[in-house]
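Below: the structure, in structure tokens.
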Amino acid sequence: MVVAAAGLAGCASGEPVEPGGIADPYESTNRGFHEFNKGVDTVLLRPASQVYDLAMPGLGDLLLTNAVNFLRMPMNFINHTAQGEFEQAGADVLRTGINLVMGLGVLDPATEFGLPQVETDIGETLYVWGVDEGPYVELPLFGPASARDGFGRVAEIVLDPFGFFTGYEGLQLARRSLAVGNLARLRADNTNVIDQALYESEDSYVTTRAGYIQYRRRQLAGGATEESLTDVFAD
């Protein structure tokens, strides 16, 4: 996995990139995928998020969020372990057990016991392992990413432990339903930011690219202040 990701991260243009800049050697292709993703948002995701806002009461939204977080716990455990965060990996195991037994997977008593959800992903694991960010890519349906994060998103689908239960049709249907509902929820929760980037900016591609890279770098830096990071919007 590391070798493949390192290879992707190395596939940038031969021209040097300024520190803090964004390598985008595939801009022409990325723009095509960006327009495709924008069309999907216009036709499907944006209307779905508006329906979600109307149809899902506060309790329903909370239960869906908790269920999605519960299904994320195995991958969180794998990634925290791979990152050497063994204390947090242990907390992931405790969270899973508490929320399964006491919350049936849709309530979150573990947070009340001092074990809040700590999200991570394979992209962050690769970052910890020293894999470079690589060039910017916009993936069809998956959206904006660095090469490192794009590889991580695909790998998470392949390695998700729940994906191995393919013989249980009911489980797979429930899992897909949760995934669709969660997508609508995330779009609804970020409506203002997404609408501004896609529909109110002069160049939605440039705005999306800069916004994603700035956010992701800050996230991986552990919430570093803006003053400590290069402003990718400066150009």
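Ordering of the structure tokens sets the chain letters (A, B, ...), residue numbers begin anew at 1 in every chain, and ligands are numbered from 1 in the order given.
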In stretch 34-193 of chain A, what's strand (DSSP E or B) per DSSP? Answer as a VMD selection string?
chain A and resid 136 to 139 143 to 146
C-alpha atoms of the current selection, written as a compact mmCIF listing (two decimals), in the first residue's frame:
```
# COMPACT_ATOMS: atom_id res chain seq x y z
CA TYR A 136 -3.85 17.51 -6.71
CA VAL A 137 -6.49 15.26 -8.25
CA GLU A 138 -10.25 15.58 -8.57
CA LEU A 139 -11.79 12.14 -8.58
CA GLY A 143 -14.30 14.84 -5.19
CA PRO A 144 -11.12 16.83 -4.48
CA ALA A 145 -8.05 15.08 -3.07
CA SER A 146 -4.30 14.89 -3.13
```
If we count only C-alpha atoms, what is near A:Arg148 at a cut-off of 9 Å, once residues fewer than 2 positions away on the same chain are taken out, given as a PyMOL selection string?
chain A and resi 5-6+8-9+122-124+126-127+131-135+145-146+150-153
Going by DSSP on the backbone, which bits of stretch 25-192 of chain A are alpha helix (DSSP H)? Write them as a PyMOL selection string, please.
chain A and resi 27-40+46-55+58-82+86-101+109-112+122-128+147-159+169-189+191-192
Counting only C-alpha atoms, give me one row per residue of stretch 10-75 of chain A with an atom at most 12 Å from an atom of stretch 184-193 of chain A, showing the shortest contact pair and its distance in Å to one decimal, sorted by chain then residue number, as a Markdown table.
```
| residue | atom | partner | partner_atom | distance |
| --- | --- | --- | --- | --- |
| A:Asp41 | CA | A:Arg187 | CA | 9.1 |
| A:Thr42 | CA | A:Arg187 | CA | 11.6 |
| A:Leu44 | CA | A:Ala184 | CA | 9.4 |
| A:Leu45 | CA | A:Ala184 | CA | 6.5 |
| A:Arg46 | CA | A:Arg187 | CA | 7.1 |
| A:Pro47 | CA | A:Ala184 | CA | 8.9 |
| A:Ala48 | CA | A:Ala184 | CA | 5.8 |
| A:Ser49 | CA | A:Ala188 | CA | 4.7 |
| A:Gln50 | CA | A:Ala188 | CA | 6.8 |
| A:Val51 | CA | A:Ala184 | CA | 8.6 |
| A:Tyr52 | CA | A:Ala184 | CA | 6.4 |
| A:Asp53 | CA | A:Ala188 | CA | 6.6 |
| A:Leu54 | CA | A:Ala188 | CA | 10.3 |
| A:Ala55 | CA | A:Arg185 | CA | 11.1 |
| A:Met56 | CA | A:Arg185 | CA | 9.2 |
| A:Pro57 | CA | A:Arg185 | CA | 11.7 |
| A:Gly58 | CA | A:Arg185 | CA | 11.6 |
| A:Gly60 | CA | A:Arg185 | CA | 10.8 |
| A:Asp61 | CA | A:Arg185 | CA | 7.7 |
| A:Leu62 | CA | A:Arg185 | CA | 10.3 |
| A:Leu63 | CA | A:Arg185 | CA | 11.7 |
| A:Leu64 | CA | A:Arg185 | CA | 8.7 |
| A:Thr65 | CA | A:Arg185 | CA | 8.4 |
| A:Val68 | CA | A:Arg185 | CA | 10.8 |
```
Which residue is closest to A:Asn37? Choose from A:Leu198, A:Leu107, A:Ala23, A:Ala155 and count only C-alpha atoms.
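Closest to A:Asn37 of all the choices is A:Leu198.
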Of A:Val106, A:Leu173, A:Leu178, A:Val118, the one nearest to A:Phe77 when counting only C-alpha atoms is A:Val118
With distances taken over only C-alpha atoms, which residue among A:Ile78, A:Val101, A:Ile22, A:Val40 lies nearest A:Phe142?
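Under the stated criterion, the closest residue is A:Val40.
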What is the atom CA of A:Leu141-atom CA of A:Gln196 distance in Å, reported with one decimal?
19.0 Å
Enter the distance from atom CA of A:Ala82 to atom CA of A:Trp129, in Å, rounded to one decimal.
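Between these atoms lies a distance of 8.9 Å.
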Point-to-point distance from atom CA of A:Asp108 to atom CA of A:Asn66, Å rounded to tenths:
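Going from atom CA of A:Asp108 over to atom CA of A:Asn66 covers 6.4 Å.
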Can you pull out every residue within 9 Å of stretch 88-95 of chain A, counting only C-alpha atoms, but drop anything in the same chain fewer than 3 positions away, and send it as a VMD selection string?
chain A and resid 70 73 to 74 76 to 81 84 to 85 98 to 100 108 to 111 115 to 118
